[in-house]
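A.B. asks: The file below is query.cif, mmCIF, C-alpha atoms and all ligand atoms:
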data_query
loop_
_atom_site.group_PDB
_atom_site.id
_atom_site.type_symbol
_atom_site.label_atom_id
_atom_site.label_comp_id
_atom_site.auth_asym_id
_atom_site.auth_seq_id
_atom_site.Cartn_x
_atom_site.Cartn_y
_atom_site.Cartn_z
ATOM 1 C CA MET D 1 112.434 167.703 366.335
ATOM 2 C CA PRO D 2 108.653 167.834 366.831
ATOM 3 C CA GLU D 3 107.395 167.372 370.380
ATOM 4 C CA PRO D 4 106.067 163.879 371.181
ATOM 5 C CA ILE D 5 102.285 163.671 371.413
ATOM 6 C CA GLU D 6 100.785 161.256 373.929
ATOM 7 C CA ILE D 7 97.078 160.460 373.940
ATOM 8 C CA THR D 8 95.405 158.601 376.805
ATOM 9 C CA LEU D 9 91.871 157.288 376.415
ATOM 10 C CA LEU D 10 90.789 157.795 380.013
ATOM 11 C CA GLY D 11 87.181 156.712 379.624
ATOM 12 C CA THR D 12 85.762 154.742 376.703
ATOM 13 C CA GLY D 13 82.207 153.856 377.713
ATOM 14 C CA SER D 14 78.943 155.334 376.430
ATOM 15 C CA ALA D 15 75.907 156.693 378.318
ATOM 16 C CA ILE D 16 76.027 154.113 381.114
ATOM 17 C CA PRO D 17 79.522 153.373 382.473
ATOM 18 C CA THR D 18 80.653 149.890 383.530
ATOM 19 C CA PRO D 19 83.420 148.667 385.861
ATOM 20 C CA LYS D 20 85.605 148.349 382.751
ATOM 21 C CA ARG D 21 84.566 151.455 380.875
ATOM 22 C CA SER D 22 84.398 154.923 382.427
ATOM 23 C CA HIS D 23 82.590 157.863 380.908
ATOM 24 C CA SER D 24 84.194 159.737 378.010
ATOM 25 C CA SER D 25 87.455 161.601 378.417
ATOM 26 C CA VAL D 26 90.632 161.776 376.349
ATOM 27 C CA LEU D 27 93.886 163.390 377.460
ATOM 28 C CA PHE D 28 96.265 164.966 374.918
ATOM 29 C CA HIS D 29 99.735 165.692 376.257
ATOM 30 C CA THR D 30 102.303 167.515 374.195
ATOM 31 C CA GLY D 31 104.943 170.001 375.318
ATOM 32 C CA ARG D 32 103.586 171.965 378.261
ATOM 33 C CA GLU D 33 99.962 171.256 377.375
ATOM 34 C CA TYR D 34 97.761 168.666 379.096
ATOM 35 C CA MET D 35 94.359 169.004 377.437
ATOM 36 C CA LEU D 36 91.225 167.099 378.325
ATOM 37 C CA PHE D 37 88.680 166.390 375.628
ATOM 38 C CA ASP D 38 85.410 165.714 377.465
ATOM 39 C CA CYS D 39 85.324 165.132 381.180
ATOM 40 C CA GLY D 40 82.781 162.470 382.080
ATOM 41 C CA GLU D 41 82.159 161.094 385.563
ATOM 42 C CA GLY D 42 85.308 159.578 387.092
ATOM 43 C CA THR D 43 87.771 161.503 384.917
ATOM 44 C CA GLN D 44 89.963 162.635 387.829
ATOM 45 C CA VAL D 45 90.258 159.071 389.133
ATOM 46 C CA GLN D 46 91.151 157.828 385.649
ATOM 47 C CA LEU D 47 93.824 160.552 385.451
ATOM 48 C CA GLN D 48 95.328 159.264 388.684
ATOM 49 C CA LYS D 49 95.251 155.685 387.404
ATOM 50 C CA ALA D 50 97.124 156.934 384.320
ATOM 51 C CA GLY D 51 99.720 158.539 386.609
ATOM 52 C CA ILE D 52 98.809 162.098 385.610
ATOM 53 C CA SER D 53 98.174 164.745 388.240
ATOM 54 C CA PRO D 54 94.867 166.567 387.605
ATOM 55 C CA LEU D 55 96.753 169.752 388.521
ATOM 56 C CA LYS D 56 98.588 169.534 385.209
ATOM 57 C CA ILE D 57 95.432 170.083 383.131
ATOM 58 C CA THR D 58 95.875 173.261 381.089
ATOM 59 C CA ARG D 59 92.515 173.414 379.293
ATOM 60 C CA ILE D 60 89.356 171.395 378.724
ATOM 61 C CA PHE D 61 87.311 170.944 375.549
ATOM 62 C CA ILE D 62 83.746 169.644 375.865
ATOM 63 C CA THR D 63 82.078 168.250 372.725
ATOM 64 C CA HIS D 64 78.503 168.569 374.063
ATOM 65 C CA TRP D 65 76.728 168.858 377.384
ATOM 66 C CA HIS D 66 75.364 165.370 377.935
ATOM 67 C CA ALA D 67 76.263 164.204 381.437
ATOM 68 C CA ASP D 68 78.470 161.333 380.234
ATOM 69 C CA HIS D 69 80.774 164.001 378.716
ATOM 70 C CA PHE D 70 80.858 166.633 381.447
ATOM 71 C CA ALA D 71 79.739 165.232 384.837
ATOM 72 C CA GLY D 72 83.374 164.962 385.940
ATOM 73 C CA LEU D 73 83.896 168.724 385.809
ATOM 74 C CA LEU D 74 82.428 169.586 389.230
ATOM 75 C CA PRO D 75 84.557 167.103 391.215
ATOM 76 C CA LEU D 76 87.636 167.869 389.122
ATOM 77 C CA ILE D 77 87.267 171.614 389.797
ATOM 78 C CA GLU D 78 86.792 170.920 393.515
ATOM 79 C CA THR D 79 90.002 168.855 393.603
ATOM 80 C CA LEU D 80 91.937 171.587 391.801
ATOM 81 C CA HIS D 81 90.616 174.078 394.355
ATOM 82 C CA LEU D 82 91.579 171.862 397.317
ATOM 83 C CA GLU D 83 95.032 171.348 395.808
ATOM 84 C CA LYS D 84 95.361 175.153 395.661
ATOM 85 C CA ARG D 85 95.590 175.608 391.902
ATOM 86 C CA THR D 86 96.240 179.212 390.987
ATOM 87 C CA GLU D 87 96.531 179.131 387.178
ATOM 88 C CA PRO D 88 93.362 179.960 385.264
ATOM 89 C CA LEU D 89 91.499 177.092 383.588
ATOM 90 C CA GLU D 90 89.843 177.470 380.191
ATOM 91 C CA ILE D 91 86.787 175.350 379.379
ATOM 92 C CA TYR D 92 85.644 175.342 375.745
ATOM 93 C CA GLY D 93 82.390 174.041 374.319
ATOM 94 C CA PRO D 94 79.146 175.007 372.641
ATOM 95 C CA ASP D 95 77.104 176.897 375.319
ATOM 96 C CA ALA D 96 80.118 176.619 377.651
ATOM 97 C CA SER D 97 79.288 179.703 379.726
ATOM 98 C CA ARG D 98 75.757 178.469 380.485
ATOM 99 C CA PHE D 99 76.943 175.097 381.790
ATOM 100 C CA VAL D 100 80.134 176.234 383.493
ATOM 101 C CA ASP D 101 78.211 178.968 385.363
ATOM 102 C CA ALA D 102 75.611 176.398 386.449
ATOM 103 C CA ILE D 103 78.315 174.024 387.714
ATOM 104 C CA LEU D 104 80.021 176.785 389.711
ATOM 105 C CA GLU D 105 76.670 177.842 391.222
ATOM 106 C CA LEU D 106 76.111 174.317 392.514
ATOM 107 C CA SER D 107 78.657 174.527 395.309
ATOM 108 C CA TYR D 108 79.054 176.381 398.614
ATOM 109 C CA TRP D 109 82.769 176.756 398.083
ATOM 110 C CA GLY D 110 84.290 179.505 396.031
ATOM 111 C CA VAL D 111 86.971 178.563 393.522
ATOM 112 C CA GLY D 112 90.456 179.822 394.241
ATOM 113 C CA PHE D 113 91.414 180.196 390.585
ATOM 114 C CA ASP D 114 89.892 181.720 387.502
ATOM 115 C CA ILE D 115 87.658 179.585 385.276
ATOM 116 C CA LYS D 116 87.098 180.994 381.811
ATOM 117 C CA ALA D 117 84.221 179.533 379.800
ATOM 118 C CA LYS D 118 84.737 179.875 376.042
ATOM 119 C CA ASN D 119 81.691 179.426 373.810
ATOM 120 C CA VAL D 120 82.524 177.814 370.481
ATOM 121 C CA LYS D 121 80.746 177.149 367.194
ATOM 122 C CA ALA D 122 81.634 174.655 364.478
ATOM 123 C CA GLY D 123 84.252 175.742 361.956
ATOM 124 C CA GLU D 124 86.346 178.064 364.121
ATOM 125 C CA LYS D 125 89.991 178.120 365.104
ATOM 126 C CA ILE D 126 89.726 178.335 368.893
ATOM 127 C CA PHE D 127 93.256 177.913 370.208
ATOM 128 C CA SER D 128 96.723 178.347 368.820
ATOM 129 C CA ASN D 129 100.267 178.382 370.176
ATOM 130 C CA GLU D 130 103.679 178.120 368.538
ATOM 131 C CA GLN D 131 103.340 174.311 368.221
ATOM 132 C CA PHE D 132 99.733 173.581 367.172
ATOM 133 C CA GLU D 133 96.226 174.846 366.742
ATOM 134 C CA ILE D 134 92.809 173.507 367.674
ATOM 135 C CA SER D 135 89.683 174.083 365.640
ATOM 136 C CA THR D 136 86.087 172.938 365.900
ATOM 137 C CA VAL D 137 84.372 170.687 363.373
ATOM 138 C CA LYS D 138 80.661 170.260 362.715
ATOM 139 C CA THR D 139 79.124 167.092 364.156
ATOM 140 C CA LYS D 140 75.522 165.831 364.230
ATOM 141 C CA HIS D 141 74.150 165.005 367.641
ATOM 142 C CA SER D 142 70.822 165.491 369.427
ATOM 143 C CA VAL D 143 72.062 168.640 371.232
ATOM 144 C CA PRO D 144 74.539 171.375 370.150
ATOM 145 C CA SER D 145 77.855 169.634 369.578
ATOM 146 C CA VAL D 146 81.257 169.988 367.934
ATOM 147 C CA GLY D 147 84.227 167.758 367.241
ATOM 148 C CA TYR D 148 87.801 168.993 367.727
ATOM 149 C CA CYS D 149 90.751 168.963 365.350
ATOM 150 C CA PHE D 150 94.297 169.167 366.750
ATOM 151 C CA LYS D 151 96.720 170.225 364.019
ATOM 152 C CA GLU D 152 100.404 170.627 364.579
ATOM 153 C CA LYS D 153 101.937 173.465 362.600
ATOM 154 C CA ASP D 154 103.892 172.457 359.503
ATOM 155 C CA HIS D 155 107.597 172.691 360.162
ATOM 156 C CA TRP D 156 110.810 172.941 358.177
ATOM 157 C CA HIS D 157 113.280 170.120 358.497
ATOM 158 C CA ILE D 158 116.806 171.284 357.615
ATOM 159 C CA ASP D 159 118.993 168.992 355.517
ATOM 160 C CA ILE D 160 122.254 169.523 357.383
ATOM 161 C CA LYS D 161 124.446 168.321 354.482
ATOM 162 C CA LYS D 162 122.829 170.790 352.082
ATOM 163 C CA ALA D 163 123.007 173.578 354.654
ATOM 164 C CA LEU D 164 126.714 172.986 355.349
ATOM 165 C CA LYS D 165 127.476 173.007 351.610
ATOM 166 C CA ARG D 166 125.955 176.470 351.454
ATOM 167 C CA GLY D 167 128.011 177.590 354.458
ATOM 168 C CA LEU D 168 125.176 177.512 357.006
ATOM 169 C CA SER D 169 125.633 176.046 360.484
ATOM 170 C CA GLY D 170 124.913 176.742 364.170
ATOM 171 C CA GLN D 171 122.923 179.929 364.749
ATOM 172 C CA LYS D 172 122.404 180.444 361.004
ATOM 173 C CA LEU D 173 120.169 177.363 360.853
ATOM 174 C CA SER D 174 117.540 178.827 363.186
ATOM 175 C CA GLU D 175 117.944 182.202 361.487
ATOM 176 C CA ILE D 176 117.093 180.841 358.032
ATOM 177 C CA LYS D 177 114.089 178.956 359.491
ATOM 178 C CA GLU D 178 112.838 182.208 360.964
ATOM 179 C CA LYS D 179 113.525 184.531 358.024
ATOM 180 C CA GLY D 180 112.957 182.194 355.052
ATOM 181 C CA LYS D 181 116.287 183.202 353.497
ATOM 182 C CA ILE D 182 119.812 184.317 354.321
ATOM 183 C CA ARG D 183 121.689 186.317 351.695
ATOM 184 C CA ASN D 184 120.610 184.641 348.428
ATOM 185 C CA ILE D 185 120.001 181.225 350.024
ATOM 186 C CA LEU D 186 116.332 180.276 350.176
ATOM 187 C CA LEU D 187 115.087 178.117 353.057
ATOM 188 C CA LYS D 188 113.459 175.679 350.648
ATOM 189 C CA SER D 189 116.824 174.999 348.990
ATOM 190 C CA VAL D 190 118.254 173.560 352.238
ATOM 191 C CA ALA D 191 115.125 172.301 354.030
ATOM 192 C CA LYS D 192 111.995 170.256 353.484
ATOM 193 C CA MET D 193 108.535 171.187 354.741
ATOM 194 C CA THR D 194 107.120 168.452 356.990
ATOM 195 C CA PRO D 195 103.361 168.613 357.441
ATOM 196 C CA GLY D 196 102.240 168.773 361.093
ATOM 197 C CA ARG D 197 100.421 165.837 362.604
ATOM 198 C CA LYS D 198 96.614 165.899 362.728
ATOM 199 C CA ILE D 199 94.318 164.230 365.251
ATOM 200 C CA LEU D 200 90.538 164.508 365.471
ATOM 201 C CA TYR D 201 88.078 163.688 368.209
ATOM 202 C CA SER D 202 84.425 163.426 367.193
ATOM 203 C CA GLY D 203 82.511 163.219 370.457
ATOM 204 C CA ASP D 204 79.029 161.757 369.904
ATOM 205 C CA THR D 205 77.733 162.019 366.363
ATOM 206 C CA LEU D 206 75.980 160.538 363.399
ATOM 207 C CA ILE D 207 78.143 160.512 360.276
ATOM 208 C CA SER D 208 79.372 164.062 359.677
ATOM 209 C CA MET D 209 80.942 164.599 356.276
ATOM 210 C CA ASP D 210 82.466 167.860 357.552
ATOM 211 C CA LEU D 211 84.320 165.768 360.111
ATOM 212 C CA PHE D 212 85.587 163.240 357.560
ATOM 213 C CA LYS D 213 86.688 165.994 355.168
ATOM 214 C CA ALA D 214 88.634 167.580 358.040
ATOM 215 C CA ALA D 215 90.040 164.147 358.917
ATOM 216 C CA LYS D 216 91.468 163.517 355.433
ATOM 217 C CA ASN D 217 94.970 162.023 355.842
ATOM 218 C CA ALA D 218 94.747 162.492 359.627
ATOM 219 C CA ASP D 219 97.206 160.553 361.762
ATOM 220 C CA ILE D 220 94.437 159.573 364.169
ATOM 221 C CA LEU D 221 90.652 159.851 364.232
ATOM 222 C CA ILE D 222 89.033 159.086 367.587
ATOM 223 C CA HIS D 223 85.399 158.489 366.710
ATOM 224 C CA ASP D 224 82.075 157.626 368.328
ATOM 225 C CA GLY D 225 81.841 153.833 368.118
ATOM 226 C CA THR D 226 78.759 153.298 370.285
ATOM 227 C CA GLY D 227 77.581 150.407 368.157
ATOM 228 C CA LEU D 228 77.670 148.597 364.849
ATOM 229 C CA LYS D 229 74.250 149.837 363.756
ATOM 230 C CA ASN D 230 73.319 153.409 362.908
ATOM 231 C CA MET D 231 71.326 154.824 365.867
ATOM 232 C CA GLU D 232 69.364 157.632 364.260
ATOM 233 C CA ARG D 233 67.177 158.312 367.312
ATOM 234 C CA LYS D 234 70.125 158.593 369.694
ATOM 235 C CA SER D 235 72.355 160.260 367.082
ATOM 236 C CA HIS D 236 75.235 157.789 366.939
ATOM 237 C CA ALA D 237 76.865 156.670 363.688
ATOM 238 C CA SER D 238 77.364 153.036 362.791
ATOM 239 C CA ALA D 239 80.942 151.929 363.465
ATOM 240 C CA LYS D 240 80.842 150.163 360.096
ATOM 241 C CA ASP D 241 80.158 153.447 358.266
ATOM 242 C CA VAL D 242 82.858 155.162 360.334
ATOM 243 C CA ALA D 243 85.385 152.497 359.266
ATOM 244 C CA ARG D 244 84.342 152.690 355.599
ATOM 245 C CA LEU D 245 84.715 156.486 355.519
ATOM 246 C CA SER D 246 87.982 156.438 357.481
ATOM 247 C CA LYS D 247 89.403 154.193 354.778
ATOM 248 C CA LYS D 248 88.028 156.434 352.014
ATOM 249 C CA TYR D 249 89.507 159.573 353.623
ATOM 250 C CA LYS D 250 92.859 157.848 354.281
ATOM 251 C CA VAL D 251 92.815 158.225 358.061
ATOM 252 C CA LYS D 252 96.006 156.500 359.190
ATOM 253 C CA LYS D 253 94.536 155.121 362.415
ATOM 254 C CA LEU D 254 90.890 154.936 363.487
ATOM 255 C CA ILE D 255 90.195 154.554 367.205
ATOM 256 C CA LEU D 256 86.607 153.678 368.076
ATOM 257 C CA THR D 257 85.512 154.771 371.529
ATOM 258 C CA HIS D 258 82.281 155.484 373.498
ATOM 259 C CA LEU D 259 81.318 151.812 373.318
ATOM 260 C CA SER D 260 77.919 150.550 374.367
ATOM 261 C CA LYS D 261 77.872 148.420 377.515
ATOM 262 C CA LYS D 262 76.222 145.633 375.527
ATOM 263 C CA TYR D 263 79.639 144.741 374.038
ATOM 264 C CA LYS D 264 81.492 142.581 376.536
ATOM 265 C CA THR D 265 84.717 142.369 374.514
ATOM 266 C CA ASN D 266 86.428 144.608 371.963
ATOM 267 C CA ASN D 267 86.544 141.677 369.606
ATOM 268 C CA GLU D 268 82.761 141.761 369.068
ATOM 269 C CA ILE D 269 83.260 145.064 367.245
ATOM 270 C CA LEU D 270 86.711 144.441 365.795
ATOM 271 C CA LYS D 271 85.756 141.248 363.978
ATOM 272 C CA VAL D 272 83.124 143.210 362.016
ATOM 273 C CA VAL D 273 84.970 146.501 361.544
ATOM 274 C CA LYS D 274 88.546 145.388 360.892
ATOM 275 C CA PRO D 275 87.689 143.656 357.582
ATOM 276 C CA ILE D 276 86.189 146.987 356.463
ATOM 277 C CA TYR D 277 89.254 149.015 357.486
ATOM 278 C CA LYS D 278 92.311 147.254 358.794
ATOM 279 C CA ASN D 279 93.757 150.344 360.508
ATOM 280 C CA THR D 280 91.039 150.282 363.158
ATOM 281 C CA VAL D 281 91.443 149.724 366.869
ATOM 282 C CA VAL D 282 88.817 149.627 369.584
ATOM 283 C CA ALA D 283 89.716 151.722 372.608
ATOM 284 C CA TYR D 284 89.889 150.478 376.191
ATOM 285 C CA ASP D 285 90.192 152.538 379.366
ATOM 286 C CA LEU D 286 93.712 153.942 379.935
ATOM 287 C CA MET D 287 94.899 152.975 376.435
ATOM 288 C CA LYS D 288 97.862 155.137 375.417
ATOM 289 C CA VAL D 289 98.864 156.099 371.909
ATOM 290 C CA LYS D 290 102.156 157.863 371.185
ATOM 291 C CA LEU D 291 102.997 159.829 368.082
HETATM 292 ZN ZN ZN V 1 77.887 160.187 375.097
#
Show me this structure written as structure tokens.
C.D. replies:
Amino acid sequence: MPEPIEITLLGTGSAIPTPKRSHSSVLFHTGREYMLFDCGEGTQVQLQKAGISPLKITRIFITHWHADHFAGLLPLIETLHLEKRTEPLEIYGPDASRFVDAILELSYWGVGFDIKAKNVKAGEKIFSNEQFEISTVKTKHSVPSVGYCFKEKDHWHIDIKKALKRGLSGQKLSEIKEKGKIRNILLKSVAKMTPGRKILYSGDTLISMDLFKAAKNADILIHDGTGLKNMERKSHASAKDVARLSKKYKVKKLILTHLSKKYKTNNEILKVVKPIYKNTVVAYDLMKVKL
């Protein structure tokens, strides 16, 4: 059985936070991994509100180095140090080493664990384990930026009835998954390939067709939803265009986040966007989605 995936929208506000909306941060939890995507101001407090110890964070992915997406790193690192973390922490992003070095220089205290900055460019596979991989996707913002694509590996689902008919059970089932065949029995004759789940996070961006192509048939797209109008000067897409393209590219669920403080209720956006694409939700702080 595939591992459950739990996503928590820790902060869903845009450049200026409000009492209801913290700065950007999304937590992905699956298996042993607790991954933060962006780490705006207040992220560690939001983690605590969500009942997740900051010590569990395994790695951090920053979409771009605007303060509303990274200002929570310094206090989070200090907490991890005070709580005596020993495991290394990887921080990915465009120009990651420049900003991570600057953050570490800002304090008197040394850090009691290793912090590895990993510079990334759009269009790369940047992390992989036995369960999933993460790659970067081109986005269009006013500073170097990337979006991130989480893709679970495709997996074989054994049809037990078919397998038993061919004399396969117990240990033999994992053996055929591993080897592709046992004797003259092919894996595909007793199992079905199930495509892995796919989730994308855009960070801040105008419409990026690279992102939508990567998001084709995605289970979830978490996209910049700053406002309903295209904001060319500030490099934010219109939520209406995002909804239209999510429908076109068959995204199963669109989650709009990074909302401008001018919207007092989610409904102000939903009533415009939902008629364009019904599978749209507007995020709120600490919203959880399970897959
Ligand atoms: Zn932002």
A.B. asks: Go through D:Thr86, D:Thr18, D:Thr58, D:Ser235 and flag the residue nearest ligand ZN 1 (chain V), using all atoms listed in the file for the distances.
C.D. replies: D:Ser235
A.B. asks: Do you have, as CSV, the list of residues of chain D lying at most 7 Å from ligand ZN 1 (chain V), each with its nearest atom pair and that distance in Å to one decimal, counting all atoms listed in the file and ordered by chain then number?
C.D. replies:
residue,atom,partner,partner_atom,distance
D:Ser14,CA,V:ZN1,ZN,5.1
D:Ala15,CA,V:ZN1,ZN,5.1
D:Ser24,CA,V:ZN1,ZN,7.0
D:His66,CA,V:ZN1,ZN,6.4
D:Asp68,CA,V:ZN1,ZN,5.3
D:His69,CA,V:ZN1,ZN,6.0
D:Asp204,CA,V:ZN1,ZN,5.5
D:His258,CA,V:ZN1,ZN,6.6
A.B. asks: For the provided coordinates, the residues matched by the PyMOL selection byres (((chain D and resi 104) around 12) and not hetatm) should be stated as a ChimeraX atom specification.
C.D. replies: /D:73-78,81,97-103,105-117
A.B. asks: Run the PyMOL selection byres (((chain D and resi 259) around 8) and not hetatm) mentally over the shown coordinates, then write out the matched residues as an MDAnalysis selection string, using the chain letters and numbers from the document.
C.D. replies: chainID D and resid 12:14 224:227 256:258 260:261 263
A.B. asks: Mind giving me the straight-line distance from atom CA of D:Glu33 to atom CA of D:Lys151 in Å, one decimal?
C.D. replies: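 Taking atom CA of D:Glu33 and atom CA of D:Lys151, their separation equals 13.8 Å.
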A.B. asks: List, as a PyMOL selection string, every residue that the PyMOL selection byres (((chain D and resi 59) around 7) and not hetatm) selects in the file provided.
C.D. replies: chain D and resi 35-36+57-58+60-61+89-91
A.B. asks: Env of D:Leu291: 12 Å cut, atoms = all atoms listed in the file, seq-sep filter 6 positions within chain, self excluded. Answer as a list in words.
C.D. replies: Pro2, Glu3, Pro4, Ile5, Glu6, Ile7, Thr8, Phe28, His29, Thr30, Glu152, Gly196, Arg197, Lys198, Ile199, Asp219, Ile220, Lys252 and Lys253 of chain D
A.B. asks: Keeping only C-alpha atoms, write those residues as an mmCIF file, in the frame of the given file.
C.D. replies:
data_model
loop_
_atom_site.group_PDB
_atom_site.id
_atom_site.type_symbol
_atom_site.label_atom_id
_atom_site.label_comp_id
_atom_site.auth_asym_id
_atom_site.auth_seq_id
_atom_site.Cartn_x
_atom_site.Cartn_y
_atom_site.Cartn_z
ATOM 1 C CA PRO D 2 108.653 167.834 366.831
ATOM 2 C CA GLU D 3 107.395 167.372 370.380
ATOM 3 C CA PRO D 4 106.067 163.879 371.181
ATOM 4 C CA ILE D 5 102.285 163.671 371.413
ATOM 5 C CA GLU D 6 100.785 161.256 373.929
ATOM 6 C CA ILE D 7 97.078 160.460 373.940
ATOM 7 C CA THR D 8 95.405 158.601 376.805
ATOM 8 C CA PHE D 28 96.265 164.966 374.918
ATOM 9 C CA HIS D 29 99.735 165.692 376.257
ATOM 10 C CA THR D 30 102.303 167.515 374.195
ATOM 11 C CA GLU D 152 100.404 170.627 364.579
ATOM 12 C CA GLY D 196 102.240 168.773 361.093
ATOM 13 C CA ARG D 197 100.421 165.837 362.604
ATOM 14 C CA LYS D 198 96.614 165.899 362.728
ATOM 15 C CA ILE D 199 94.318 164.230 365.251
ATOM 16 C CA ASP D 219 97.206 160.553 361.762
ATOM 17 C CA ILE D 220 94.437 159.573 364.169
ATOM 18 C CA LYS D 252 96.006 156.500 359.190
ATOM 19 C CA LYS D 253 94.536 155.121 362.415
#
A.B. asks: Report as a list in words all protein, DNA and RNA residues lying within 12 Å of D:Lys165, evaluated on only C-alpha atoms, omitting residues in the same chain fewer than 4 positions from it.
C.D. replies: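 Result of the neighbour search: Asp159, Ile160, Lys161, Ser169, Ile185, Ser189 and Val190 of chain D.
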A.B. asks: Would you mind telling me which residue in D:Val242, D:Tyr34, D:Arg21, D:Val26 lies nearest to D:Thr265 when using only C-alpha atoms?
C.D. replies: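 Using only C-alpha atoms, the shortest distance to D:Thr265 belongs to D:Arg21.
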